[in-house]
file entry20.cif (mmCIF, C-alpha atoms)
data_input
loop_
_atom_site.label_atom_id
_atom_site.label_comp_id
_atom_site.auth_asym_id
_atom_site.auth_seq_id
_atom_site.Cartn_x
_atom_site.Cartn_y
_atom_site.Cartn_z
CA ILE G 1 -91.85 63.67 35.96
CA LYS G 2 -93.90 64.38 32.81
CA GLU G 3 -91.47 67.11 31.73
CA PHE G 4 -88.47 64.86 32.34
CA ALA G 5 -90.09 62.01 30.41
CA SER G 6 -90.82 64.38 27.51
CA ILE G 7 -87.14 65.37 27.38
CA LEU G 8 -86.11 61.72 27.31
CA SER G 9 -88.65 61.03 24.58
CA ILE G 10 -86.82 63.31 22.13
CA CYS G 11 -83.45 61.61 22.71
CA ASP G 12 -82.15 58.98 20.30
CA LYS G 13 -80.11 57.15 22.96
CA ILE G 14 -79.81 57.48 26.71
CA ILE G 15 -76.70 57.04 28.87
CA THR G 16 -77.63 56.90 32.54
CA THR G 17 -77.10 55.24 35.87
CA ASP G 18 -79.64 53.04 37.64
CA SER G 19 -82.08 55.89 38.13
CA LEU G 20 -85.43 57.30 37.13
CA ALA G 21 -83.94 58.08 33.71
CA LEU G 22 -83.21 54.38 33.17
CA HIS G 23 -86.70 53.26 34.08
CA LEU G 24 -88.45 55.98 32.06
CA SER G 25 -86.20 55.26 29.07
CA VAL G 26 -87.18 51.60 29.22
CA ALA G 27 -90.85 52.59 29.32
CA LEU G 28 -90.26 54.83 26.29
CA LYS G 29 -88.46 51.95 24.51
CA LYS G 30 -85.30 54.02 24.04
CA PRO G 31 -81.87 52.43 23.53
CA VAL G 32 -80.04 52.74 26.85
CA ILE G 33 -76.51 52.36 28.11
CA ALA G 34 -76.93 51.81 31.84
CA LEU G 35 -74.01 52.37 34.19
CA PHE G 36 -74.01 50.43 37.44
CA PHE G 37 -71.57 51.73 40.02
CA SER G 38 -73.06 50.56 43.31
CA THR G 39 -76.41 48.98 42.47
CA PRO G 40 -76.99 45.41 41.24
CA HIS G 41 -77.18 45.21 37.45
CA TRP G 42 -78.59 41.70 37.60
CA GLU G 43 -81.87 43.04 39.02
CA ILE G 44 -82.62 45.00 35.84
CA GLU G 45 -84.00 43.18 32.81
CA ASN G 46 -82.42 44.26 29.52
CA TYR G 47 -85.68 44.36 27.55
CA ASN G 48 -83.60 44.03 24.35
CA ASN G 49 -82.70 47.72 24.52
CA ILE G 50 -80.38 48.08 27.53
CA LYS G 51 -76.62 47.61 27.34
CA LYS G 52 -75.23 47.34 30.85
CA ILE G 53 -71.82 48.39 32.09
CA ALA G 54 -71.03 47.33 35.63
CA SER G 55 -68.15 48.89 37.51
CA PRO G 56 -65.37 46.47 38.39
CA LEU G 57 -65.58 48.05 41.86
CA LEU G 58 -69.30 47.35 42.30
CA GLU G 59 -68.76 44.68 44.94
CA LYS G 60 -66.48 46.96 46.98
CA HIS G 61 -69.00 49.82 46.84
CA PHE G 62 -72.23 47.79 46.85
CA PHE G 63 -75.11 50.13 47.79
CA SER G 64 -72.66 52.75 49.04
CA LYS G 65 -74.02 56.28 49.36
CA GLU G 66 -70.54 57.79 49.74
CA PHE G 67 -68.86 59.55 46.81
CA SER G 68 -65.69 57.86 45.62
CA SER G 69 -63.62 59.32 42.79
CA GLU G 70 -62.08 55.87 42.34
CA LEU G 71 -65.57 54.47 41.74
CA ALA G 72 -66.62 57.36 39.50
CA ASP G 73 -63.56 56.76 37.31
CA SER G 74 -64.00 52.97 37.21
CA ILE G 75 -66.06 53.10 34.00
CA SER G 76 -64.19 54.91 31.26
CA VAL G 77 -65.63 57.23 28.66
CA ASP G 78 -63.93 55.07 26.02
CA GLU G 79 -65.82 52.00 27.27
CA ILE G 80 -69.11 53.89 26.98
CA LEU G 81 -68.28 55.26 23.51
CA THR G 82 -67.35 51.79 22.25
CA ILE G 83 -70.81 50.52 23.17
CA LEU G 84 -72.49 53.70 21.89
CA GLU G 85 -71.11 53.20 18.38
#
call {"tool": "encode", "arguments": {"input": "entry20.cif", "output": "structure tokens"}}
result
Amino acid sequence: IKEFASILSICDKIITTDSLALHLSVALKKPVIALFFSTPHWEIENYNNIKKIASPLLEKHFFSKEFSSELADSISVDEILTILE
């Protein structure tokens, strides 16, 4: 975990899902774009440095552990890049 945190610490911005990377980035006070595909975005505080993108299919795939290409494609790269800029 220390090595992973040290890699995150040298990043200017982090794009991640609701994962260890999100929580470590928050602790490191890094700007984060957090992608929520099947986990509840409302349970994560934004701490003034998290921009959240929730999949429009979140309700359909709520807490699903199954891979779905439809779900994976439900947040576009363009949507992420718009927020990143």
call {"tool": "resolve_selection", "arguments": {"input": "entry20.cif", "expression": "the PyMOL selection byres ((chain G and resi 22-33) around 6)", "output": "ChimeraX atom specification"}}
result
/G:13-15,18-21,34,49-52
call {"tool": "write_last_selection", "arguments": {"input": "entry20.cif", "atoms": "C-alpha atoms", "output": "PDB file, in the frame of the given file"}}
result
ATOM      1  CA  LYS G  13     -80.110  57.150  22.960  1.00  0.00           C
ATOM      2  CA  ILE G  14     -79.810  57.480  26.710  1.00  0.00           C
ATOM      3  CA  ILE G  15     -76.700  57.040  28.870  1.00  0.00           C
ATOM      4  CA  ASP G  18     -79.640  53.040  37.640  1.00  0.00           C
ATOM      5  CA  SER G  19     -82.080  55.890  38.130  1.00  0.00           C
ATOM      6  CA  LEU G  20     -85.430  57.300  37.130  1.00  0.00           C
ATOM      7  CA  ALA G  21     -83.940  58.080  33.710  1.00  0.00           C
ATOM      8  CA  ALA G  34     -76.930  51.810  31.840  1.00  0.00           C
ATOM      9  CA  ASN G  49     -82.700  47.720  24.520  1.00  0.00           C
ATOM     10  CA  ILE G  50     -80.380  48.080  27.530  1.00  0.00           C
ATOM     11  CA  LYS G  51     -76.620  47.610  27.340  1.00  0.00           C
ATOM     12  CA  LYS G  52     -75.230  47.340  30.850  1.00  0.00           C
TER      13      LYS G  52
END
call {"tool": "closest_residue", "arguments": {"input": "entry20.cif", "among": "G:Ser74, G:Thr16, G:Ser69, G:Ser55", "to": "Ser38 in chain G", "atoms": "all atoms listed in the file"}}
result
G:Ser55
call {"tool": "closest_residue", "arguments": {"input": "entry20.cif", "among": "G:Ile44, G:Ile10, G:Leu35, G:Leu58", "to": "Ser76 in chain G", "atoms": "only C-alpha atoms"}}
result
G:Leu35
call {"tool": "atom_distance", "arguments": {"input": "entry20.cif", "atom1": "CA of Lys65 in chain G", "atom2": "CA of Ile1 in chain G"}}
result
23.5 Å
call {"tool": "closest_residue", "arguments": {"input": "entry20.cif", "among": "G:Ile53, G:Asp12, G:Glu66, G:Glu59", "to": "Glu79 in chain G", "atoms": "all atoms listed in the file"}}
result
G:Ile53
call {"tool": "closest_residue", "arguments": {"input": "entry20.cif", "among": "G:Phe36, G:Ala5, G:Ile83, G:Glu43", "to": "Leu71 in chain G", "atoms": "only C-alpha atoms"}}
result
G:Phe36
call {"tool": "atom_distance", "arguments": {"input": "entry20.cif", "atom1": "CA of His41 in chain G", "atom2": "CA of Phe63 in chain G"}}
result
11.6 Å
call {"tool": "atom_distance", "arguments": {"input": "entry20.cif", "atom1": "CA of Leu81 in chain G", "atom2": "CA of Ala54 in chain G"}}
result
14.7 Å
call {"tool": "decode", "arguments": {"input": "entry20.cif", "residues": "range 63-78 of chain G", "atoms": "all heavy atoms", "output": "mmCIF file, in the first residue's frame"}}
result
data_model
loop_
_atom_site.group_PDB
_atom_site.id
_atom_site.type_symbol
_atom_site.label_atom_id
_atom_site.label_comp_id
_atom_site.auth_asym_id
_atom_site.auth_seq_id
_atom_site.Cartn_x
_atom_site.Cartn_y
_atom_site.Cartn_z
ATOM 1 N N PHE G 63 -24.248 -2.568 -7.209
ATOM 2 C CA PHE G 63 -23.423 -3.556 -6.515
ATOM 3 C C PHE G 63 -23.224 -4.863 -7.292
ATOM 4 O O PHE G 63 -22.907 -5.893 -6.705
ATOM 5 C CB PHE G 63 -23.943 -3.846 -5.102
ATOM 6 C CG PHE G 63 -23.566 -2.794 -4.113
ATOM 7 C CD1 PHE G 63 -24.541 -2.048 -3.473
ATOM 8 C CD2 PHE G 63 -22.236 -2.528 -3.819
ATOM 9 C CE1 PHE G 63 -24.203 -1.066 -2.549
ATOM 10 C CE2 PHE G 63 -21.888 -1.546 -2.901
ATOM 11 C CZ PHE G 63 -22.867 -0.811 -2.266
ATOM 12 N N SER G 64 -23.357 -4.794 -8.603
ATOM 13 C CA SER G 64 -23.117 -5.979 -9.423
ATOM 14 C C SER G 64 -21.628 -6.301 -9.467
ATOM 15 O O SER G 64 -20.787 -5.409 -9.510
ATOM 16 C CB SER G 64 -23.619 -5.726 -10.850
ATOM 17 O OG SER G 64 -23.249 -6.805 -11.683
ATOM 18 N N LYS G 65 -21.306 -7.561 -9.448
ATOM 19 C CA LYS G 65 -19.920 -8.012 -9.564
ATOM 20 C C LYS G 65 -19.653 -8.591 -10.952
ATOM 21 O O LYS G 65 -18.553 -9.026 -11.243
ATOM 22 C CB LYS G 65 -19.601 -9.033 -8.478
ATOM 23 C CG LYS G 65 -19.664 -8.429 -7.087
ATOM 24 C CD LYS G 65 -19.248 -9.451 -6.046
ATOM 25 C CE LYS G 65 -19.468 -8.965 -4.648
ATOM 26 N NZ LYS G 65 -18.633 -7.912 -4.208
ATOM 27 N N GLU G 66 -20.664 -8.597 -11.804
ATOM 28 C CA GLU G 66 -20.553 -9.132 -13.155
ATOM 29 C C GLU G 66 -20.034 -8.053 -14.102
ATOM 30 O O GLU G 66 -20.427 -6.893 -14.005
ATOM 31 C CB GLU G 66 -21.928 -9.598 -13.654
ATOM 32 C CG GLU G 66 -22.578 -10.656 -12.793
ATOM 33 C CD GLU G 66 -21.851 -11.986 -12.865
ATOM 34 O OE1 GLU G 66 -21.402 -12.371 -13.953
ATOM 35 O OE2 GLU G 66 -21.728 -12.634 -11.804
ATOM 36 N N PHE G 67 -19.153 -8.453 -15.036
ATOM 37 C CA PHE G 67 -18.696 -7.504 -16.045
ATOM 38 C C PHE G 67 -19.803 -7.278 -17.055
ATOM 39 O O PHE G 67 -20.472 -8.209 -17.491
ATOM 40 C CB PHE G 67 -17.443 -7.994 -16.771
ATOM 41 C CG PHE G 67 -17.044 -7.067 -17.879
ATOM 42 C CD1 PHE G 67 -16.389 -5.882 -17.589
ATOM 43 C CD2 PHE G 67 -17.367 -7.343 -19.195
ATOM 44 C CE1 PHE G 67 -16.040 -4.993 -18.600
ATOM 45 C CE2 PHE G 67 -17.026 -6.469 -20.212
ATOM 46 C CZ PHE G 67 -16.359 -5.286 -19.918
ATOM 47 N N SER G 68 -19.983 -6.025 -17.444
ATOM 48 C CA SER G 68 -20.949 -5.651 -18.468
ATOM 49 C C SER G 68 -20.294 -4.617 -19.370
ATOM 50 O O SER G 68 -19.922 -3.531 -18.902
ATOM 51 C CB SER G 68 -22.209 -5.060 -17.819
ATOM 52 O OG SER G 68 -22.968 -4.356 -18.770
ATOM 53 N N SER G 69 -20.152 -4.934 -20.641
ATOM 54 C CA SER G 69 -19.554 -3.957 -21.564
ATOM 55 C C SER G 69 -20.464 -2.744 -21.700
ATOM 56 O O SER G 69 -19.987 -1.618 -21.856
ATOM 57 C CB SER G 69 -19.261 -4.585 -22.924
ATOM 58 O OG SER G 69 -20.427 -5.118 -23.496
ATOM 59 N N GLU G 70 -21.765 -2.957 -21.610
ATOM 60 C CA GLU G 70 -22.714 -1.843 -21.646
ATOM 61 C C GLU G 70 -22.426 -0.873 -20.493
ATOM 62 O O GLU G 70 -22.371 0.341 -20.686
ATOM 63 C CB GLU G 70 -24.147 -2.379 -21.538
ATOM 64 C CG GLU G 70 -25.200 -1.294 -21.432
ATOM 65 C CD GLU G 70 -26.576 -1.835 -21.094
ATOM 66 O OE1 GLU G 70 -26.694 -2.753 -20.245
ATOM 67 O OE2 GLU G 70 -27.535 -1.310 -21.672
ATOM 68 N N LEU G 71 -22.201 -1.412 -19.321
ATOM 69 C CA LEU G 71 -21.894 -0.589 -18.151
ATOM 70 C C LEU G 71 -20.539 0.091 -18.300
ATOM 71 O O LEU G 71 -20.407 1.284 -18.042
ATOM 72 C CB LEU G 71 -21.931 -1.444 -16.881
ATOM 73 C CG LEU G 71 -21.647 -0.727 -15.564
ATOM 74 C CD1 LEU G 71 -22.668 0.376 -15.311
ATOM 75 C CD2 LEU G 71 -21.626 -1.729 -14.426
ATOM 76 N N ALA G 72 -19.546 -0.663 -18.744
ATOM 77 C CA ALA G 72 -18.200 -0.105 -18.913
ATOM 78 C C ALA G 72 -18.194 1.061 -19.906
ATOM 79 O O ALA G 72 -17.428 2.012 -19.746
ATOM 80 C CB ALA G 72 -17.245 -1.192 -19.376
ATOM 81 N N ASP G 73 -19.050 0.997 -20.898
ATOM 82 C CA ASP G 73 -19.124 2.060 -21.912
ATOM 83 C C ASP G 73 -20.091 3.182 -21.547
ATOM 84 O O ASP G 73 -20.266 4.130 -22.313
ATOM 85 C CB ASP G 73 -19.548 1.461 -23.259
ATOM 86 C CG ASP G 73 -18.499 0.542 -23.840
ATOM 87 O OD1 ASP G 73 -17.314 0.686 -23.477
ATOM 88 O OD2 ASP G 73 -18.864 -0.324 -24.661
ATOM 89 N N SER G 74 -20.728 3.090 -20.388
ATOM 90 C CA SER G 74 -21.779 4.057 -20.034
ATOM 91 C C SER G 74 -21.245 5.413 -19.596
ATOM 92 O O SER G 74 -21.998 6.381 -19.510
ATOM 93 C CB SER G 74 -22.698 3.482 -18.954
ATOM 94 O OG SER G 74 -21.997 3.330 -17.730
ATOM 95 N N ILE G 75 -19.951 5.509 -19.308
ATOM 96 C CA ILE G 75 -19.303 6.790 -19.039
ATOM 97 C C ILE G 75 -18.281 6.984 -20.148
ATOM 98 O O ILE G 75 -17.374 6.167 -20.305
ATOM 99 C CB ILE G 75 -18.621 6.824 -17.660
ATOM 100 C CG1 ILE G 75 -19.653 6.667 -16.545
ATOM 101 C CG2 ILE G 75 -17.837 8.130 -17.476
ATOM 102 C CD1 ILE G 75 -19.059 6.563 -15.146
ATOM 103 N N SER G 76 -18.442 8.033 -20.914
ATOM 104 C CA SER G 76 -17.577 8.227 -22.077
ATOM 105 C C SER G 76 -16.264 8.920 -21.707
ATOM 106 O O SER G 76 -16.184 9.668 -20.729
ATOM 107 C CB SER G 76 -18.293 9.052 -23.145
ATOM 108 O OG SER G 76 -18.379 10.406 -22.745
ATOM 109 N N VAL G 77 -15.266 8.657 -22.516
ATOM 110 C CA VAL G 77 -13.980 9.328 -22.359
ATOM 111 C C VAL G 77 -14.171 10.831 -22.505
ATOM 112 O O VAL G 77 -13.554 11.622 -21.761
ATOM 113 C CB VAL G 77 -12.953 8.796 -23.385
ATOM 114 C CG1 VAL G 77 -11.678 9.599 -23.361
ATOM 115 C CG2 VAL G 77 -12.674 7.328 -23.141
ATOM 116 N N ASP G 78 -15.004 11.249 -23.441
ATOM 117 C CA ASP G 78 -15.261 12.679 -23.635
ATOM 118 C C ASP G 78 -15.825 13.326 -22.378
ATOM 119 O O ASP G 78 -15.464 14.449 -22.031
ATOM 120 C CB ASP G 78 -16.221 12.913 -24.807
ATOM 121 C CG ASP G 78 -15.574 12.608 -26.137
ATOM 122 O OD1 ASP G 78 -14.337 12.653 -26.244
ATOM 123 O OD2 ASP G 78 -16.313 12.312 -27.100
#
